[in-house]
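Next comes upload.pdb, a file with PDB, C-alpha atoms and all ligand atoms.
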```pdb
ATOM      1  CA  MET A   1     105.965  89.137 -28.630
ATOM      2  CA  THR A   2     102.657  90.673 -27.521
ATOM      3  CA  ASP A   3     100.028  88.567 -25.810
ATOM      4  CA  ALA A   4      97.499  88.470 -28.647
ATOM      5  CA  THR A   5      94.510  88.389 -26.302
ATOM      6  CA  THR A   6      95.195  91.667 -24.481
ATOM      7  CA  ASP A   7      96.240  95.276 -25.015
ATOM      8  CA  PRO A   8      99.379  96.346 -23.154
ATOM      9  CA  ARG A   9      98.495  96.358 -19.474
ATOM     10  CA  SER A  10      99.783  98.338 -16.524
ATOM     11  CA  VAL A  11     101.831  95.773 -14.577
ATOM     12  CA  LEU A  12     103.438  96.425 -11.188
ATOM     13  CA  ILE A  13     106.030  94.100  -9.663
ATOM     14  CA  THR A  14     107.348  94.814  -6.181
ATOM     15  CA  GLY A  15     111.037  94.054  -5.788
ATOM     16  CA  GLY A  16     111.712  93.970  -9.512
ATOM     17  CA  ASN A  17     115.292  95.227  -9.606
ATOM     18  CA  ARG A  18     116.892  91.787  -9.237
ATOM     19  CA  GLY A  19     116.279  88.074  -8.869
ATOM     20  CA  ILE A  20     112.864  86.574  -9.547
ATOM     21  CA  GLY A  21     111.085  89.954  -9.658
ATOM     22  CA  ARG A  22     113.407  91.242 -12.363
ATOM     23  CA  SER A  23     112.883  88.119 -14.433
ATOM     24  CA  ILE A  24     109.105  88.502 -14.087
ATOM     25  CA  ALA A  25     109.405  92.128 -15.242
ATOM     26  CA  GLU A  26     111.413  91.023 -18.285
ATOM     27  CA  GLU A  27     108.765  88.435 -19.178
ATOM     28  CA  PHE A  28     105.930  91.005 -19.100
ATOM     29  CA  LEU A  29     108.061  93.446 -21.134
ATOM     30  CA  ARG A  30     108.668  90.715 -23.689
ATOM     31  CA  ARG A  31     104.887  90.268 -23.951
ATOM     32  CA  GLY A  32     104.469  93.985 -24.650
ATOM     33  CA  ASP A  33     103.042  95.205 -21.336
ATOM     34  CA  LYS A  34     103.762  98.523 -19.561
ATOM     35  CA  VAL A  35     105.893  97.425 -16.645
ATOM     36  CA  ALA A  36     106.763  99.208 -13.417
ATOM     37  CA  VAL A  37     108.975  97.745 -10.727
ATOM     38  CA  THR A  38     109.841  98.858  -7.227
ATOM     39  CA  SER A  39     113.078  98.730  -5.316
ATOM     40  CA  ARG A  40     113.890 100.473  -2.061
ATOM     41  CA  SER A  41     116.526 102.606  -3.760
ATOM     42  CA  GLY A  42     114.337 103.447  -6.762
ATOM     43  CA  GLU A  43     117.172 102.201  -8.985
ATOM     44  CA  GLY A  44     117.785  99.107 -11.045
ATOM     45  CA  GLY A  45     115.069  97.234 -12.905
ATOM     46  CA  PRO A  46     115.283  96.013 -16.477
ATOM     47  CA  GLU A  47     115.557  98.326 -19.463
ATOM     48  CA  GLY A  48     112.106  99.387 -20.606
ATOM     49  CA  ALA A  49     110.570  99.232 -17.127
ATOM     50  CA  LEU A  50     109.719 102.210 -14.954
ATOM     51  CA  THR A  51     111.578 101.815 -11.644
ATOM     52  CA  VAL A  52     110.089 103.587  -8.625
ATOM     53  CA  ALA A  53     111.262 103.751  -5.030
ATOM     54  CA  ALA A  54     109.060 101.936  -2.528
ATOM     55  CA  ASP A  55     109.525 100.168   0.753
ATOM     56  CA  VAL A  56     106.649  97.725   1.231
ATOM     57  CA  THR A  57     106.896  98.173   4.994
ATOM     58  CA  ASP A  58     106.045 101.881   4.584
ATOM     59  CA  GLY A  59     102.523 102.735   3.403
ATOM     60  CA  THR A  60     103.416 106.339   2.592
ATOM     61  CA  SER A  61     106.213 105.313   0.244
ATOM     62  CA  LEU A  62     103.865 102.810  -1.428
ATOM     63  CA  ASP A  63     101.208 105.521  -1.903
ATOM     64  CA  ALA A  64     103.753 107.740  -3.671
ATOM     65  CA  ALA A  65     105.081 104.877  -5.825
ATOM     66  CA  ILE A  66     101.639 103.779  -6.982
ATOM     67  CA  LYS A  67     100.681 107.379  -7.817
ATOM     68  CA  THR A  68     103.782 107.648 -10.017
ATOM     69  CA  VAL A  69     103.021 104.334 -11.722
ATOM     70  CA  GLU A  70      99.380 105.267 -12.357
ATOM     71  CA  GLU A  71     100.373 108.630 -13.835
ATOM     72  CA  ALA A  72     102.796 106.926 -16.215
ATOM     73  CA  HIS A  73     100.961 103.701 -17.114
ATOM     74  CA  GLY A  74      97.375 104.032 -15.859
ATOM     75  CA  PRO A  75      95.757 102.090 -13.000
ATOM     76  CA  VAL A  76      97.538  98.855 -12.134
ATOM     77  CA  GLU A  77      95.847  95.923 -13.870
ATOM     78  CA  VAL A  78      98.342  93.223 -12.874
ATOM     79  CA  LEU A  79     100.053  93.183  -9.496
ATOM     80  CA  VAL A  80     102.859  90.778  -8.661
ATOM     81  CA  ALA A  81     103.686  91.023  -4.951
ATOM     82  CA  ASN A  82     107.215  89.652  -5.015
ATOM     83  CA  ALA A  83     109.293  91.707  -2.562
ATOM     84  CA  GLY A  84     110.538  89.444   0.200
ATOM     85  CA  ILE A  85     113.305  88.784   2.679
ATOM     86  CA  THR A  86     114.628  85.989   4.861
ATOM     87  CA  ASP A  87     116.145  86.246   8.326
ATOM     88  CA  ASP A  88     116.876  82.650   9.303
ATOM     89  CA  GLN A  89     117.405  81.532  12.886
ATOM     90  CA  LEU A  90     116.379  78.439  14.787
ATOM     91  CA  LEU A  91     113.291  79.223  16.855
ATOM     92  CA  LEU A  92     115.126  79.326  20.181
ATOM     93  CA  ARG A  93     117.366  82.092  18.849
ATOM     94  CA  MET A  94     114.733  83.952  16.819
ATOM     95  CA  GLY A  95     113.864  87.272  18.381
ATOM     96  CA  ASP A  96     110.433  88.874  18.209
ATOM     97  CA  ASP A  97     112.007  91.603  16.042
ATOM     98  CA  SER A  98     113.146  89.051  13.430
ATOM     99  CA  PHE A  99     109.693  87.460  13.249
ATOM    100  CA  GLU A 100     107.992  90.843  13.008
ATOM    101  CA  LYS A 101     110.395  92.173  10.358
ATOM    102  CA  VAL A 102     109.922  89.182   8.036
ATOM    103  CA  LEU A 103     106.129  89.200   8.482
ATOM    104  CA  ASP A 104     106.010  92.975   7.949
ATOM    105  CA  THR A 105     107.852  92.724   4.624
ATOM    106  CA  ASN A 106     106.576  89.463   3.163
ATOM    107  CA  LEU A 107     102.992  89.283   4.417
ATOM    108  CA  THR A 108     101.861  92.740   5.542
ATOM    109  CA  GLY A 109     103.875  94.291   2.692
ATOM    110  CA  SER A 110     101.854  92.225   0.199
ATOM    111  CA  PHE A 111      98.604  93.206   1.932
ATOM    112  CA  ARG A 112      99.576  96.897   1.796
ATOM    113  CA  THR A 113     100.309  96.691  -1.920
ATOM    114  CA  VAL A 114      97.170  94.714  -2.818
ATOM    115  CA  LYS A 115      95.034  97.158  -0.810
ATOM    116  CA  ARG A 116      96.385 100.097  -2.813
ATOM    117  CA  VAL A 117      95.640  98.686  -6.285
ATOM    118  CA  ILE A 118      92.403  96.800  -5.691
ATOM    119  CA  LYS A 119      89.942  99.702  -5.973
ATOM    120  CA  SER A 120      90.754 100.431  -9.604
ATOM    121  CA  MET A 121      90.597  96.705 -10.437
ATOM    122  CA  MET A 122      87.130  96.545  -8.851
ATOM    123  CA  ARG A 123      86.015  99.584 -10.884
ATOM    124  CA  LYS A 124      87.283  97.962 -14.102
ATOM    125  CA  LYS A 125      85.881  94.565 -13.115
ATOM    126  CA  LYS A 126      89.188  93.071 -14.157
ATOM    127  CA  GLY A 127      92.464  92.401 -12.430
ATOM    128  CA  ARG A 128      95.203  89.907 -11.746
ATOM    129  CA  ILE A 129      96.990  89.473  -8.443
ATOM    130  CA  VAL A 130      99.890  87.052  -8.112
ATOM    131  CA  LEU A 131     101.529  86.613  -4.721
ATOM    132  CA  ILE A 132     105.013  85.105  -4.638
ATOM    133  CA  SER A 133     105.098  82.597  -1.794
ATOM    134  CA  SER A 134     107.536  79.707  -1.371
ATOM    135  CA  VAL A 135     107.619  75.923  -1.118
ATOM    136  CA  VAL A 136     108.662  76.636   2.481
ATOM    137  CA  GLY A 137     105.218  78.094   3.258
ATOM    138  CA  LEU A 138     103.640  74.632   3.117
ATOM    139  CA  TYR A 139     106.607  72.252   3.395
ATOM    140  CA  GLY A 140     108.306  74.000   6.310
ATOM    141  CA  SER A 141     112.023  74.420   6.790
ATOM    142  CA  PRO A 142     114.141  74.460   9.946
ATOM    143  CA  GLY A 143     115.321  77.950  10.848
ATOM    144  CA  GLN A 144     112.530  79.599   8.888
ATOM    145  CA  VAL A 145     109.573  79.842  11.277
ATOM    146  CA  ASN A 146     109.244  83.552  10.425
ATOM    147  CA  TYR A 147     109.594  83.057   6.655
ATOM    148  CA  ALA A 148     107.285  79.988   6.525
ATOM    149  CA  ALA A 149     104.598  81.830   8.491
ATOM    150  CA  SER A 150     104.800  84.826   6.168
ATOM    151  CA  LYS A 151     104.646  82.699   3.022
ATOM    152  CA  SER A 152     101.735  80.487   4.125
ATOM    153  CA  GLY A 153      99.850  83.635   5.130
ATOM    154  CA  LEU A 154      99.858  84.712   1.491
ATOM    155  CA  ILE A 155      97.686  81.708   0.672
ATOM    156  CA  GLY A 156      95.079  82.969   3.130
ATOM    157  CA  ILE A 157      95.153  86.376   1.450
ATOM    158  CA  ALA A 158      94.690  84.912  -2.049
ATOM    159  CA  ARG A 159      91.851  82.637  -0.988
ATOM    160  CA  ALA A 160      89.965  85.257   1.030
ATOM    161  CA  LEU A 161      90.376  87.710  -1.874
ATOM    162  CA  THR A 162      89.092  85.122  -4.321
ATOM    163  CA  ARG A 163      85.941  84.716  -2.261
ATOM    164  CA  GLU A 164      85.529  88.495  -1.901
ATOM    165  CA  LEU A 165      86.271  89.493  -5.483
ATOM    166  CA  GLY A 166      85.986  86.402  -7.650
ATOM    167  CA  SER A 167      82.701  87.618  -9.158
ATOM    168  CA  ARG A 168      84.314  90.897 -10.260
ATOM    169  CA  GLY A 169      86.715  89.516 -12.829
ATOM    170  CA  ILE A 170      89.639  89.613 -10.419
ATOM    171  CA  THR A 171      91.802  86.568  -9.768
ATOM    172  CA  ALA A 172      94.273  86.135  -6.904
ATOM    173  CA  ASN A 173      96.769  83.300  -7.043
ATOM    174  CA  VAL A 174      99.897  82.165  -5.289
ATOM    175  CA  VAL A 175     103.076  80.952  -6.959
ATOM    176  CA  ALA A 176     105.234  78.830  -4.675
ATOM    177  CA  PRO A 177     108.780  78.601  -6.043
ATOM    178  CA  GLY A 178     111.216  76.008  -4.768
ATOM    179  CA  TYR A 179     114.942  76.783  -4.922
ATOM    180  CA  ILE A 180     115.659  79.382  -7.560
ATOM    181  CA  ASP A 181     119.108  80.565  -8.522
ATOM    182  CA  THR A 182     119.157  84.141  -7.111
ATOM    183  CA  GLU A 183     121.150  86.162  -4.560
ATOM    184  CA  MET A 184     118.795  84.785  -1.864
ATOM    185  CA  THR A 185     119.902  81.171  -2.492
ATOM    186  CA  GLN A 186     123.488  82.013  -3.513
ATOM    187  CA  SER A 187     123.965  83.234   0.052
ATOM    188  CA  LEU A 188     123.392  79.659   1.340
ATOM    189  CA  GLY A 189     126.540  77.642   2.069
ATOM    190  CA  GLU A 190     127.751  75.234  -0.676
ATOM    191  CA  ASP A 191     127.007  72.161   1.523
ATOM    192  CA  LEU A 192     123.461  73.321   2.147
ATOM    193  CA  GLN A 193     122.930  74.033  -1.558
ATOM    194  CA  GLU A 194     124.148  70.495  -2.368
ATOM    195  CA  SER A 195     121.807  68.898   0.197
ATOM    196  CA  TYR A 196     118.854  70.833  -1.254
ATOM    197  CA  ARG A 197     119.778  69.714  -4.784
ATOM    198  CA  LYS A 198     119.709  66.085  -3.599
ATOM    199  CA  ALA A 199     116.200  66.553  -2.133
ATOM    200  CA  ILE A 200     114.752  68.106  -5.311
ATOM    201  CA  PRO A 201     113.419  65.466  -7.736
ATOM    202  CA  ALA A 202     114.522  67.649 -10.680
ATOM    203  CA  GLY A 203     118.057  67.599  -9.208
ATOM    204  CA  ARG A 204     118.731  71.301  -9.769
ATOM    205  CA  PHE A 205     117.765  74.820  -8.785
ATOM    206  CA  ALA A 206     115.556  76.672 -11.264
ATOM    207  CA  ASP A 207     116.291  79.666 -13.407
ATOM    208  CA  PRO A 208     114.164  82.702 -12.372
ATOM    209  CA  ALA A 209     112.663  82.714 -15.892
ATOM    210  CA  GLU A 210     110.965  79.405 -15.090
ATOM    211  CA  VAL A 211     108.970  81.196 -12.369
ATOM    212  CA  ALA A 212     108.350  84.249 -14.546
ATOM    213  CA  LYS A 213     106.587  82.278 -17.272
ATOM    214  CA  VAL A 214     104.131  80.766 -14.777
ATOM    215  CA  VAL A 215     103.384  84.204 -13.307
ATOM    216  CA  ALA A 216     102.773  85.620 -16.796
ATOM    217  CA  PHE A 217     100.370  82.771 -17.564
ATOM    218  CA  LEU A 218      98.385  83.380 -14.357
ATOM    219  CA  ALA A 219      98.130  87.038 -15.357
ATOM    220  CA  SER A 220      96.871  86.208 -18.863
ATOM    221  CA  ASP A 221      93.299  86.013 -20.143
ATOM    222  CA  ASP A 222      93.816  82.256 -20.556
ATOM    223  CA  ALA A 223      93.974  81.923 -16.755
ATOM    224  CA  ALA A 224      90.664  83.712 -16.094
ATOM    225  CA  TYR A 225      89.168  80.658 -14.365
ATOM    226  CA  ILE A 226      92.112  79.996 -12.033
ATOM    227  CA  SER A 227      91.854  81.756  -8.674
ATOM    228  CA  GLY A 228      92.807  80.941  -5.095
ATOM    229  CA  ALA A 229      95.280  78.387  -6.454
ATOM    230  CA  VAL A 230      98.766  77.601  -5.224
ATOM    231  CA  ILE A 231     100.992  76.783  -8.177
ATOM    232  CA  PRO A 232     104.304  75.133  -7.242
ATOM    233  CA  VAL A 233     107.380  75.808  -9.386
ATOM    234  CA  ASP A 234     109.727  73.638  -7.384
ATOM    235  CA  GLY A 235     111.012  70.707  -9.455
ATOM    236  CA  GLY A 236     108.766  68.369  -7.432
ATOM    237  CA  LEU A 237     110.203  69.251  -4.017
ATOM    238  CA  GLY A 238     106.876  69.976  -2.333
ATOM    239  CA  MET A 239     104.725  67.298  -3.991
ATOM    240  CA  GLY A 240     101.571  66.652  -2.021
ATOM    241  CA  HIS A 241     101.146  70.202  -0.764
TER     242      HIS A 241
HETATM  243  P1  LIG B   1     116.274  88.745  -3.897
HETATM  244  O1  LIG B   1     116.847  88.849  -2.533
HETATM  245  O2  LIG B   1     117.148  88.516  -5.066
HETATM  246  O3  LIG B   1     115.354  90.040  -4.202
HETATM  247  C1  LIG B   1     114.431  90.497  -3.236
HETATM  248  C2  LIG B   1     113.669  91.670  -3.798
HETATM  249  O4  LIG B   1     112.756  92.143  -2.790
HETATM  250  C3  LIG B   1     114.582  92.817  -4.157
HETATM  251  O5  LIG B   1     114.100  93.428  -5.327
HETATM  252  C4  LIG B   1     114.423  93.745  -2.960
HETATM  253  O6  LIG B   1     114.625  95.101  -3.300
HETATM  254  C5  LIG B   1     112.972  93.522  -2.602
HETATM  255  N1  LIG B   1     112.694  93.922  -1.222
HETATM  256  C6  LIG B   1     113.143  93.365  -0.084
HETATM  257  N2  LIG B   1     112.656  94.022   0.979
HETATM  258  C7  LIG B   1     111.877  95.030   0.497
HETATM  259  C8  LIG B   1     111.098  96.044   1.089
HETATM  260  N3  LIG B   1     111.013  96.212   2.409
HETATM  261  N4  LIG B   1     110.422  96.893   0.291
HETATM  262  C9  LIG B   1     110.492  96.768  -1.038
HETATM  263  N5  LIG B   1     111.217  95.826  -1.673
HETATM  264  C10 LIG B   1     111.907  94.960  -0.910
HETATM  265  O7  LIG B   1     115.165  87.612  -3.772
HETATM  266  P2  LIG B   1     114.558  86.574  -4.825
HETATM  267  O8  LIG B   1     114.476  87.169  -6.163
HETATM  268  O9  LIG B   1     115.247  85.294  -4.633
HETATM  269  O10 LIG B   1     113.096  86.419  -4.200
HETATM  270  C11 LIG B   1     111.962  87.115  -4.690
HETATM  271  C12 LIG B   1     110.719  86.536  -4.004
HETATM  272  O11 LIG B   1     110.643  85.135  -4.268
HETATM  273  C13 LIG B   1     110.762  86.692  -2.498
HETATM  274  O12 LIG B   1     109.469  86.976  -2.031
HETATM  275  C14 LIG B   1     111.222  85.328  -2.015
HETATM  276  O13 LIG B   1     110.775  85.050  -0.721
HETATM  277  C15 LIG B   1     110.559  84.423  -3.043
HETATM  278  N6  LIG B   1     111.184  83.128  -3.190
HETATM  279  C16 LIG B   1     112.503  82.997  -3.562
HETATM  280  C17 LIG B   1     113.060  81.745  -3.701
HETATM  281  C18 LIG B   1     114.460  81.524  -4.148
HETATM  282  O14 LIG B   1     114.870  80.360  -4.186
HETATM  283  N7  LIG B   1     115.216  82.528  -4.522
HETATM  284  C19 LIG B   1     112.259  80.533  -3.439
HETATM  285  C20 LIG B   1     110.917  80.786  -3.059
HETATM  286  C21 LIG B   1     110.411  82.033  -2.942
HETATM  287  P3  LIG B   1     115.819  95.987  -2.653
HETATM  288  O15 LIG B   1     116.776  96.224  -3.770
HETATM  289  O16 LIG B   1     115.111  97.209  -2.217
HETATM  290  O17 LIG B   1     116.438  95.198  -1.541
END
```
Representation of the structure as structure tokens:
Amino acid sequence: MTDATTDPRSVLITGGNRGIGRSIAEEFLRRGDKVAVTSRSGEGGPEGALTVAADVTDGTSLDAAIKTVEEAHGPVEVLVANAGITDDQLLLRMGDDSFEKVLDTNLTGSFRTVKRVIKSMMRKKKGRIVLISSVVGLYGSPGQVNYAASKSGLIGIARALTRELGSRGITANVVAPGYIDTEMTQSLGEDLQESYRKAIPAGRFADPAEVAKVVAFLASDDAAYISGAVIPVDGGLGMGH
């Protein structure tokens, strides 16, 4: 199904070889867009997508990846900054290196990617930026001081960008998923998964496709007047954000 309101667009999703990013890539492909995804290995990604190697902590590798994407699909019109990691430790045990690593990937990595696609969006006076945050960015979570800081920082990026570029047809929004069934959450112990399920009003983790559909909407023409927003996809866990 093609989105009737737009021609196929050049869409870039960081970290699109698995989990939520892969599901987002599949949703844009289903809508008929030209989709590129990154992974550190340059492998994986859904059929029909261009997979390029990029490490979001390395500006040079991002430069090369975006050049390849632009040559194949044209300037990036929709960016989904999704690549992210966790490295959980209670604060007393969290080393500076852990904090810096998580911030460098989740927050600075998103900044680096946005910075490299924004010029062509400004020239075209059209663009969509969706930053994948987390319920944890606003709700907090023990053992995730690094992760929570990185994810709430994305809100600052989206809101500052909205004020800078809102008049140029560019929107920047944040999607804040709750607990989604991916490798990231499967690595949690069964007891912890059960306690999270009890805390979620919906009583379950979400399928990655439930996040993907919201991202695709924010990237559509129908969402032209939504910018600087934080959209929860969390089964009610973070109500009152
Ligand atoms: P996964 O661990 O399944 O996938 C993470 C993705 O990020 C992979 O594609 C990985 O690629 C990529 N990645 C990690 N580090 C880098 C890096 N330095 N450079 C480039 N790519 C990198 O995670 P999820 O799909 O669960 O999570 C996706 C996003 O959603 C993350 O930002 C996460 O914080 C967020 N999120 C997830 C939730 C969940 O419940 N699962 C809840 C809320 C938010 P590679 O193959 O190279 O490792």
Per residue of chain A within 6 Å of ligand LIG 1 (chain B), what are the shortest atom pair and its distance in Å to one decimal, counting all atoms listed in the file, with rows by chain and residue number, as a Markdown table?
```
| residue | atom | partner | partner_atom | distance |
| --- | --- | --- | --- | --- |
| A:Gly15 | CA | B:LIG1 | O5 | 3.2 |
| A:Gly16 | CA | B:LIG1 | O5 | 4.8 |
| A:Asn17 | CA | B:LIG1 | O5 | 4.8 |
| A:Arg18 | CA | B:LIG1 | O5 | 5.1 |
| A:Gly19 | CA | B:LIG1 | O8 | 3.4 |
| A:Ile20 | CA | B:LIG1 | O8 | 3.8 |
| A:Gly21 | CA | B:LIG1 | O8 | 5.6 |
| A:Ser39 | CA | B:LIG1 | O16 | 4.0 |
| A:Arg40 | CA | B:LIG1 | O16 | 3.5 |
| A:Ser41 | CA | B:LIG1 | O16 | 5.8 |
| A:Ala54 | CA | B:LIG1 | C9 | 5.6 |
| A:Asp55 | CA | B:LIG1 | N4 | 3.4 |
| A:Val56 | CA | B:LIG1 | N4 | 4.0 |
| A:Thr57 | CA | B:LIG1 | N3 | 5.2 |
| A:Asn82 | CA | B:LIG1 | O12 | 4.6 |
| A:Ala83 | CA | B:LIG1 | O4 | 3.5 |
| A:Gly84 | CA | B:LIG1 | O12 | 3.5 |
| A:Ile85 | CA | B:LIG1 | C6 | 5.4 |
| A:Thr105 | CA | B:LIG1 | N3 | 5.2 |
| A:Ile132 | CA | B:LIG1 | O12 | 5.5 |
| A:Ser133 | CA | B:LIG1 | C21 | 5.5 |
| A:Ser134 | CA | B:LIG1 | C20 | 3.9 |
| A:Pro177 | CA | B:LIG1 | C20 | 4.3 |
| A:Gly178 | CA | B:LIG1 | C19 | 4.8 |
| A:Tyr179 | CA | B:LIG1 | O14 | 3.7 |
| A:Ile180 | CA | B:LIG1 | O14 | 3.6 |
| A:Asp181 | CA | B:LIG1 | N7 | 5.9 |
| A:Thr182 | CA | B:LIG1 | O9 | 4.8 |
| A:Glu183 | CA | B:LIG1 | O2 | 4.7 |
| A:Met184 | CA | B:LIG1 | O9 | 4.5 |
| A:Thr185 | CA | B:LIG1 | N7 | 5.3 |
```
Output C-alpha atoms for every residue in that selection, as a PDB file, in the frame of the given file.
```pdb
ATOM      1  CA  GLY A  15     111.037  94.054  -5.788  1.00  0.00           C
ATOM      2  CA  GLY A  16     111.712  93.970  -9.512  1.00  0.00           C
ATOM      3  CA  ASN A  17     115.292  95.227  -9.606  1.00  0.00           C
ATOM      4  CA  ARG A  18     116.892  91.787  -9.237  1.00  0.00           C
ATOM      5  CA  GLY A  19     116.279  88.074  -8.869  1.00  0.00           C
ATOM      6  CA  ILE A  20     112.864  86.574  -9.547  1.00  0.00           C
ATOM      7  CA  GLY A  21     111.085  89.954  -9.658  1.00  0.00           C
ATOM      8  CA  SER A  39     113.078  98.730  -5.316  1.00  0.00           C
ATOM      9  CA  ARG A  40     113.890 100.473  -2.061  1.00  0.00           C
ATOM     10  CA  SER A  41     116.526 102.606  -3.760  1.00  0.00           C
ATOM     11  CA  ALA A  54     109.060 101.936  -2.528  1.00  0.00           C
ATOM     12  CA  ASP A  55     109.525 100.168   0.753  1.00  0.00           C
ATOM     13  CA  VAL A  56     106.649  97.725   1.231  1.00  0.00           C
ATOM     14  CA  THR A  57     106.896  98.173   4.994  1.00  0.00           C
ATOM     15  CA  ASN A  82     107.215  89.652  -5.015  1.00  0.00           C
ATOM     16  CA  ALA A  83     109.293  91.707  -2.562  1.00  0.00           C
ATOM     17  CA  GLY A  84     110.538  89.444   0.200  1.00  0.00           C
ATOM     18  CA  ILE A  85     113.305  88.784   2.679  1.00  0.00           C
ATOM     19  CA  THR A 105     107.852  92.724   4.624  1.00  0.00           C
ATOM     20  CA  ILE A 132     105.013  85.105  -4.638  1.00  0.00           C
ATOM     21  CA  SER A 133     105.098  82.597  -1.794  1.00  0.00           C
ATOM     22  CA  SER A 134     107.536  79.707  -1.371  1.00  0.00           C
ATOM     23  CA  PRO A 177     108.780  78.601  -6.043  1.00  0.00           C
ATOM     24  CA  GLY A 178     111.216  76.008  -4.768  1.00  0.00           C
ATOM     25  CA  TYR A 179     114.942  76.783  -4.922  1.00  0.00           C
ATOM     26  CA  ILE A 180     115.659  79.382  -7.560  1.00  0.00           C
ATOM     27  CA  ASP A 181     119.108  80.565  -8.522  1.00  0.00           C
ATOM     28  CA  THR A 182     119.157  84.141  -7.111  1.00  0.00           C
ATOM     29  CA  GLU A 183     121.150  86.162  -4.560  1.00  0.00           C
ATOM     30  CA  MET A 184     118.795  84.785  -1.864  1.00  0.00           C
ATOM     31  CA  THR A 185     119.902  81.171  -2.492  1.00  0.00           C
TER      32      THR A 185
END
```
Compile the contact shell of Ser150 of chain A as a list in words: residues with an atom at most 6 Å away, counting all atoms listed in the file, same-chain residues fewer than 6 positions apart removed.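 The filter keeps Leu103, Asn106 and Leu107 of chain A.
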Report as a list in words the full result of the PyMOL selection byres (((chain A and resi 25) around 8) and not hetatm) when it is applied to this structure.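 Selected by the PyMOL selection byres (((chain A and resi 25) around 8) and not hetatm) here: Ile13, Gly16, Gly21, Arg22, Ser23, Ile24, Glu26, Glu27, Phe28, Leu29, Val35, Ala36, Val37, Gly45, Pro46, Ala49 and Ala212 of chain A.
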State, in Å with one decimal place, the distance from atom CA of Arg168 of chain A to atom CA of Lys115 of chain A. 15.6 Å
Using only C-alpha atoms, which residue out of A:Gly42, A:Gln144, A:Gly236, A:Leu161 lies closest to Met122 of chain A?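 Once distances to Met122 of chain A are computed over only C-alpha atoms, the minimum belongs to A:Leu161.
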Between A:Val78, A:Val145, A:Val230, A:Leu154, which is the closest to Ser98 of chain A once you count all atoms listed in the file?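 Among the listed residues, the smallest separation from Ser98 of chain A belongs to A:Val145.
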Considering all atoms listed in the file, state which residue in the set A:Gly238, A:Leu218, A:Leu50, A:Glu190 is at the smallest distance from Ser141 of chain A.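 Among A:Gly238, A:Leu218, A:Leu50, A:Glu190, it is A:Gly238 that comes nearest to Ser141 of chain A.
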Which residues are near segment 67-71 of chain A? Cut-off 9 Å, only C-alpha atoms, ignore same chain within fewer than 2 positions. Put them as a list in words.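 Contacts, with the query itself left out: Ser10, Leu12, Val35, Ala36, Val37, Leu50, Thr51, Val52, Leu62, Asp63, Ala64, Ala65, His73, Gly74, Pro75 and Val76 of chain A.
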How would you write, as a VMD selection string, the residues chosen by the PyMOL selection byres (((chain A and resi 89) around 10) and not hetatm) on this structure? chain A and resid 86 to 88 90 to 95 98 to 99 142 to 146
In Å to one decimal, how far is atom CA of Ala206 of chain A from atom CA of Gly140 of chain A?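 Separating atom CA of Gly140 of chain A from atom CA of Ala206 of chain A is a distance of 19.2 Å.
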Quick one: residues within 10 Å of Ala176 of chain A, only C-alpha atoms counted, chain neighbours fewer than 3 positions away excluded, as a short mmCIF file (atom, residue, chain, number, x, y, z; two decimals) with C-alpha atoms, keeping the file's coordinate frame?
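Dumped everything to selection-v7.cif:
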```cif
data_model
loop_
_atom_site.label_atom_id
_atom_site.label_comp_id
_atom_site.auth_asym_id
_atom_site.auth_seq_id
_atom_site.Cartn_x
_atom_site.Cartn_y
_atom_site.Cartn_z
CA LEU A 131 101.53 86.61 -4.72
CA ILE A 132 105.01 85.10 -4.64
CA SER A 133 105.10 82.60 -1.79
CA SER A 134 107.54 79.71 -1.37
CA VAL A 135 107.62 75.92 -1.12
CA VAL A 136 108.66 76.64 2.48
CA GLY A 137 105.22 78.09 3.26
CA LEU A 138 103.64 74.63 3.12
CA LYS A 151 104.65 82.70 3.02
CA SER A 152 101.74 80.49 4.12
CA ILE A 155 97.69 81.71 0.67
CA ASN A 173 96.77 83.30 -7.04
CA TYR A 179 114.94 76.78 -4.92
CA VAL A 211 108.97 81.20 -12.37
CA VAL A 230 98.77 77.60 -5.22
CA ILE A 231 100.99 76.78 -8.18
CA PRO A 232 104.30 75.13 -7.24
CA VAL A 233 107.38 75.81 -9.39
CA ASP A 234 109.73 73.64 -7.38
CA GLY A 238 106.88 69.98 -2.33
#
```
Expanded to explicit residues, what is the PyMOL selection byres (((chain A and resi 126) around 7) and not hetatm) for this file, as number ranges by chain? A: 121-122, 124-125, 127, 168-170
Which is closest to Glu100 of chain A among A:Ala224, A:Gly59, A:Tyr147, A:Arg30, if we use all atoms listed in the file? A:Tyr147
Just how far from atom CA of Leu237 of chain A is atom CA of Pro201 of chain A, in Å to one decimal?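 It comes out at 6.2 Å.
Residue nearest Arg197 of chain A within the list A:Gly48, A:Gly235, A:Arg116, A:Ala209: A:Gly235 [criterion: smallest interatomic distance, only C-alpha atoms].
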Between A:Ala219, A:Val102, A:Ala229, A:Val80, single out the one closest to Ala158 of chain A, counting all atoms listed in the file. A:Ala229
